[in-house]
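query-v7.cif follows (mmCIF, C-alpha atoms):
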```cif
data_protein
loop_
_atom_site.label_atom_id
_atom_site.label_comp_id
_atom_site.auth_asym_id
_atom_site.auth_seq_id
_atom_site.Cartn_x
_atom_site.Cartn_y
_atom_site.Cartn_z
CA MET A 28 18.62 33.98 -1.67
CA ILE A 29 19.77 30.38 -1.48
CA TYR A 30 23.34 31.56 -1.00
CA LYS A 31 22.28 33.62 2.01
CA VAL A 32 20.46 30.69 3.58
CA LEU A 33 23.37 28.33 3.02
CA ASN A 34 25.82 30.93 4.26
CA LEU A 35 23.79 31.40 7.46
CA LEU A 36 23.66 27.65 7.90
CA ALA A 37 27.41 27.42 7.48
CA LEU A 38 27.97 30.16 10.06
CA LYS A 39 25.62 28.46 12.48
CA ILE A 40 27.63 25.25 12.48
CA ASN A 41 30.92 27.15 12.69
CA LEU A 42 32.05 26.48 9.14
CA THR A 43 33.66 29.11 7.02
CA ILE A 44 32.48 28.85 3.46
CA LYS A 45 33.70 31.18 0.82
CA MET A 46 31.09 31.71 -1.85
CA LYS A 47 33.49 32.06 -4.77
CA ASN A 48 35.26 28.77 -4.15
CA ASN A 49 32.13 26.71 -3.47
CA LYS A 50 29.69 27.69 -6.22
CA PRO A 51 29.52 24.11 -7.60
CA PHE A 52 28.83 22.85 -4.09
CA PHE A 53 25.90 25.25 -3.64
CA ILE A 54 24.47 24.45 -7.07
CA LEU A 55 24.66 20.75 -6.27
CA MET A 56 23.00 21.33 -2.89
CA PHE A 57 20.20 23.30 -4.56
CA ILE A 58 19.59 20.60 -7.18
CA THR A 59 19.61 17.88 -4.51
CA ALA A 60 17.15 19.81 -2.35
CA PHE A 61 14.89 20.40 -5.34
CA ILE A 62 14.87 16.77 -6.45
CA SER A 63 14.33 15.43 -2.94
CA SER A 64 11.35 17.73 -2.50
CA CYS A 65 9.54 16.46 -5.60
CA SER A 66 6.63 14.43 -4.27
CA ILE A 67 6.22 12.59 -7.58
CA LEU A 68 9.53 10.85 -7.00
CA LYS A 69 8.76 9.86 -3.43
CA THR A 70 7.48 6.52 -2.23
CA ALA A 71 6.33 5.86 1.29
CA PRO A 72 9.07 4.12 3.26
CA TYR A 73 8.74 0.57 4.53
CA ASP A 74 6.12 0.38 7.25
CA GLN A 75 6.23 -2.63 9.60
CA TYR A 76 2.63 -2.07 10.72
CA SER A 77 1.30 -2.05 7.14
CA PHE A 78 3.28 -5.16 6.29
CA GLN A 79 2.16 -7.04 9.40
CA LYS A 80 -1.53 -6.07 9.01
CA THR A 81 -1.47 -7.08 5.34
CA ILE A 82 -0.14 -10.52 6.31
CA GLU A 83 -2.77 -10.88 9.04
CA ILE A 84 -5.60 -9.89 6.72
CA LYS A 85 -4.30 -12.17 3.96
CA ILE A 86 -4.24 -15.16 6.32
CA ASP A 87 -7.67 -14.36 7.77
CA ALA A 88 -9.10 -13.86 4.28
CA ASN A 89 -7.69 -17.15 2.98
CA GLN A 90 -9.06 -19.07 5.95
CA LEU A 91 -12.44 -17.45 5.46
CA ILE A 92 -12.47 -18.08 1.70
CA ASP A 93 -11.96 -21.78 2.39
CA LYS A 94 -15.25 -21.74 4.35
CA ALA A 95 -17.30 -20.31 1.47
CA GLU A 96 -18.79 -23.73 0.67
CA ASN A 97 -20.69 -23.26 3.92
CA SER A 98 -23.48 -20.80 4.53
CA TYR A 99 -22.60 -17.11 4.66
CA GLU A 100 -24.64 -16.73 7.85
CA GLU A 101 -22.55 -19.38 9.62
CA ASN A 102 -19.50 -17.20 9.07
CA SER A 103 -21.06 -13.75 9.29
CA LYS A 104 -19.21 -12.76 12.47
CA GLU A 105 -15.81 -13.66 10.99
CA ILE A 106 -16.73 -11.89 7.76
CA GLU A 107 -17.75 -8.77 9.63
CA LYS A 108 -14.51 -8.85 11.61
CA LEU A 109 -12.48 -9.16 8.39
CA GLN A 110 -14.41 -6.30 6.78
CA ASN A 111 -13.68 -4.13 9.82
CA GLU A 112 -9.97 -4.93 9.61
CA ILE A 113 -9.98 -4.02 5.93
CA ALA A 114 -11.75 -0.72 6.68
CA LYS A 115 -9.12 0.06 9.33
CA ILE A 116 -6.14 -0.60 7.07
CA VAL A 117 -7.72 1.40 4.23
CA GLU A 118 -8.12 4.35 6.57
CA TYR A 119 -4.56 3.93 7.88
CA GLU A 120 -3.07 3.79 4.38
CA LYS A 121 -5.12 6.79 3.27
CA TYR A 122 -3.27 9.17 5.58
CA LYS A 123 0.30 7.98 5.00
CA PRO A 124 2.25 10.44 2.84
CA ASN A 125 3.48 9.31 -0.59
CA ASN A 126 1.38 6.17 -0.36
CA GLU A 127 -1.00 6.42 -3.29
CA ILE A 128 -0.24 3.00 -4.79
CA THR A 129 -0.74 1.01 -1.58
CA TYR A 130 -3.85 2.99 -0.76
CA LYS A 131 -5.34 2.37 -4.23
CA MET A 132 -4.55 -1.33 -3.89
CA TRP A 133 -6.41 -1.51 -0.58
CA LEU A 134 -9.33 0.36 -2.15
CA LEU A 135 -9.38 -2.26 -4.90
CA LEU A 136 -9.35 -5.12 -2.39
CA ALA A 137 -12.14 -3.39 -0.43
CA ASN A 138 -14.31 -2.61 -3.47
CA GLN A 139 -17.40 -4.84 -3.55
CA ASP A 140 -17.89 -4.20 -7.26
CA LYS A 141 -14.51 -5.67 -8.20
CA ASN A 142 -13.42 -9.29 -8.39
CA LEU A 143 -11.12 -9.36 -5.40
CA LEU A 144 -11.74 -9.81 -1.68
CA ALA A 145 -14.76 -7.58 -1.01
CA GLY A 146 -16.33 -8.67 -4.30
CA PHE A 147 -15.89 -12.29 -3.27
CA LEU A 148 -17.55 -11.63 0.09
CA LYS A 149 -20.44 -9.83 -1.62
CA ARG A 150 -20.97 -12.75 -4.01
CA TRP A 151 -20.86 -15.19 -1.09
CA LYS A 152 -23.53 -13.17 0.69
CA GLU A 153 -25.73 -13.11 -2.44
CA LYS A 154 -25.36 -16.83 -3.17
CA ASP A 155 -25.12 -18.01 0.47
CA LYS A 156 -22.76 -20.83 -0.62
CA LEU A 157 -20.14 -20.93 -3.35
CA SER A 158 -18.87 -23.78 -5.50
CA PRO A 159 -15.46 -25.33 -4.80
CA PHE A 160 -14.28 -24.41 -8.32
CA PHE A 161 -15.22 -20.75 -7.87
CA ILE A 162 -13.61 -20.65 -4.44
CA THR A 163 -10.33 -22.10 -5.77
CA GLU A 164 -10.13 -19.67 -8.69
CA ALA A 165 -11.09 -16.63 -6.62
CA LYS A 166 -8.62 -17.57 -3.90
CA LYS A 167 -5.79 -17.68 -6.47
CA GLN A 168 -6.59 -14.15 -7.67
CA ILE A 169 -7.02 -12.73 -4.17
CA THR A 170 -3.83 -14.39 -2.91
CA GLU A 171 -1.89 -13.08 -5.91
CA ALA A 172 -3.14 -9.55 -5.19
CA PHE A 173 -2.07 -9.84 -1.55
CA ASN A 174 1.32 -11.26 -2.56
CA LEU A 175 1.94 -8.34 -4.91
CA LEU A 176 0.98 -5.89 -2.18
CA LEU A 177 3.27 -7.60 0.33
CA GLU A 178 6.14 -7.73 -2.15
CA TYR A 179 5.72 -4.02 -2.86
CA GLU A 180 5.46 -3.14 0.83
CA SER A 181 8.60 -5.09 1.67
CA LYS A 182 10.82 -3.98 -1.23
CA LYS A 183 9.47 -0.68 -2.59
CA GLU A 184 11.26 -1.46 -5.86
CA PRO A 185 10.26 -0.21 -9.32
CA ALA A 186 9.58 -3.76 -10.56
CA THR A 187 7.08 -4.52 -7.79
CA LYS A 188 5.60 -1.05 -8.18
CA ASN A 189 5.02 -1.69 -11.88
CA LYS A 190 3.33 -5.03 -11.17
CA LEU A 191 0.94 -3.34 -8.75
CA LEU A 192 0.27 -0.49 -11.17
CA GLN A 193 -0.52 -3.04 -13.88
CA LEU A 194 -2.98 -4.84 -11.60
CA LEU A 195 -4.59 -1.54 -10.65
CA SER A 196 -4.93 -0.46 -14.27
CA ASN A 197 -6.53 -3.79 -15.23
CA ASN A 198 -9.20 -3.38 -12.59
#
```

So that I can check it, write out the structure of this file as structure tokens.
Amino acid sequence: MIYKVLNLLALKINLTIKMKNNKPFFILMFITAFISSCSILKTAPYDQYSFQKTIEIKIDANQLIDKAENSYEENSKEIEKLQNEIAKIVEYEKYKPNNEITYKMWLLLANQDKNLLAGFLKRWKEKDKLSPFFITEAKKQITEAFNLLLEYESKKEPATKNKLLQLLSNN
């Protein structure tokens, strides 16, 4: 079957391929097609929009975290805006193919029951004001999570993937 398809393809582009002489070529083509179709091996390609939005949200989040010594109500509009931006990027990442790791990372950042961004905002709302020590420590963790996500988004390398997977498995 595969020989017929490849033979038709060769005829279509005006190539003359003799089956007997090119068996290794066809086997190699079949193996390449099979491997490239395995979704387990695929990673979403670099996405400028994802990278840019992650930077924007990181900066907005850090600026907002610095204000957590003040009343939650004083900053409620900025907090709501940040939460909306997070919801948008989560939804965007959800529908990108081969993007499970980035999507799971955004879900972690958006989860109010975890100790990252949304969890910080929830605690701020409950306490109304947070201590400088808590703010500093939480900001370190949240910034590190964003940095890992940005590093992964920019490089898509196994090392950065493993760091993100480790963070996801620990939470």

Coordinates-based distance that separates atom CA of A:Gln139 from atom CA of A:Ala95 (Å, one decimal):
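So the two atoms, atom CA of A:Ala95 and atom CA of A:Gln139, lie 16.3 Å apart.
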
Best match for closeness to A:Asn138 among A:Thr187, A:Asn97, A:Asn198, A:Gln75, counting all atoms listed in the file
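Under the stated criterion, the closest residue is A:Asn198.
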
With 3 Å of padding per side, what axis-aligned box (centre and edge lengths, Å, one decimal) covers all the listed atoms of stretch 113-126 of chain A? Give it as JSON.
```
{"center_x": -4.1, "center_y": 3.2, "center_z": 4.4, "size_x": 21.2, "size_y": 20.5, "size_z": 15.9}
```

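Straight-line separation from atom CA of A:Tyr179 to atom CA of A:Leu191: 7.6 Å.
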
Using all atoms listed in the file, find the one residue out of A:Glu120, A:Met132, A:Glu107, A:Glu171 that sits nearest to A:Lys188.
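When distances to A:Lys188 are compared using all atoms listed in the file, the smallest one comes from A:Met132.
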
With all atoms listed in the file counted and 12 Å as the cut-off, give the residues of stretch 60-171 of chain A in contact with stretch 175-178 of chain A, each with its shortest interatomic distance in Å and the pair that gives it, as CSV.
```
residue,atom,partner,partner_atom,distance
A:Tyr73,CA,A:Leu177,CA,10.7
A:Asp74,CA,A:Leu177,CA,10.9
A:Gln75,CA,A:Leu177,CA,10.9
A:Tyr76,CA,A:Leu177,CA,11.8
A:Ser77,CA,A:Leu177,CA,9.0
A:Phe78,CA,A:Leu177,CA,6.4
A:Gln79,CA,A:Leu177,CA,9.2
A:Lys80,CA,A:Leu177,CA,10.0
A:Thr81,CA,A:Leu177,CA,6.9
A:Ile82,CA,A:Leu177,CA,7.5
A:Glu83,CA,A:Leu177,CA,11.1
A:Ile84,CA,A:Leu177,CA,11.2
A:Lys85,CA,A:Leu177,CA,9.6
A:Ile128,CA,A:Leu176,CA,9.3
A:Thr129,CA,A:Leu176,CA,7.1
A:Tyr130,CA,A:Leu176,CA,10.2
A:Lys131,CA,A:Leu176,CA,10.6
A:Met132,CA,A:Leu176,CA,7.4
A:Trp133,CA,A:Leu176,CA,8.7
A:Leu135,CA,A:Leu176,CA,11.3
A:Leu136,CA,A:Leu176,CA,10.4
A:Gln168,CA,A:Leu175,CA,10.7
A:Ile169,CA,A:Leu175,CA,10.0
A:Thr170,CA,A:Leu175,CA,8.6
A:Glu171,CA,A:Leu175,CA,6.2
```

Selected residue, from A:Lys94, A:Lys167, A:Lys115, A:Lys183, that lies nearest to A:Leu148 when counting only C-alpha atoms:
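Closest to A:Leu148, using only C-alpha atoms: A:Lys94.
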
Quick one, how far is atom CA of A:Ile162 from atom CA of A:Asp93?
7.1 Å

Neighbouring residues of A:Lys166 were defined as those with any atom within 10 Å, considering all atoms listed in the file; residues of the same chain fewer than 5 positions away were excluded. Please report them as number ranges by chain.
A: 88-90, 92-93, 143-144, 147, 160-161, 171-172

Quick one: residues within 7 Å of A:Glu96, only C-alpha atoms counted, chain neighbours fewer than 4 positions away excluded, as an MDAnalysis selection string?
chainID A and resid 156:159
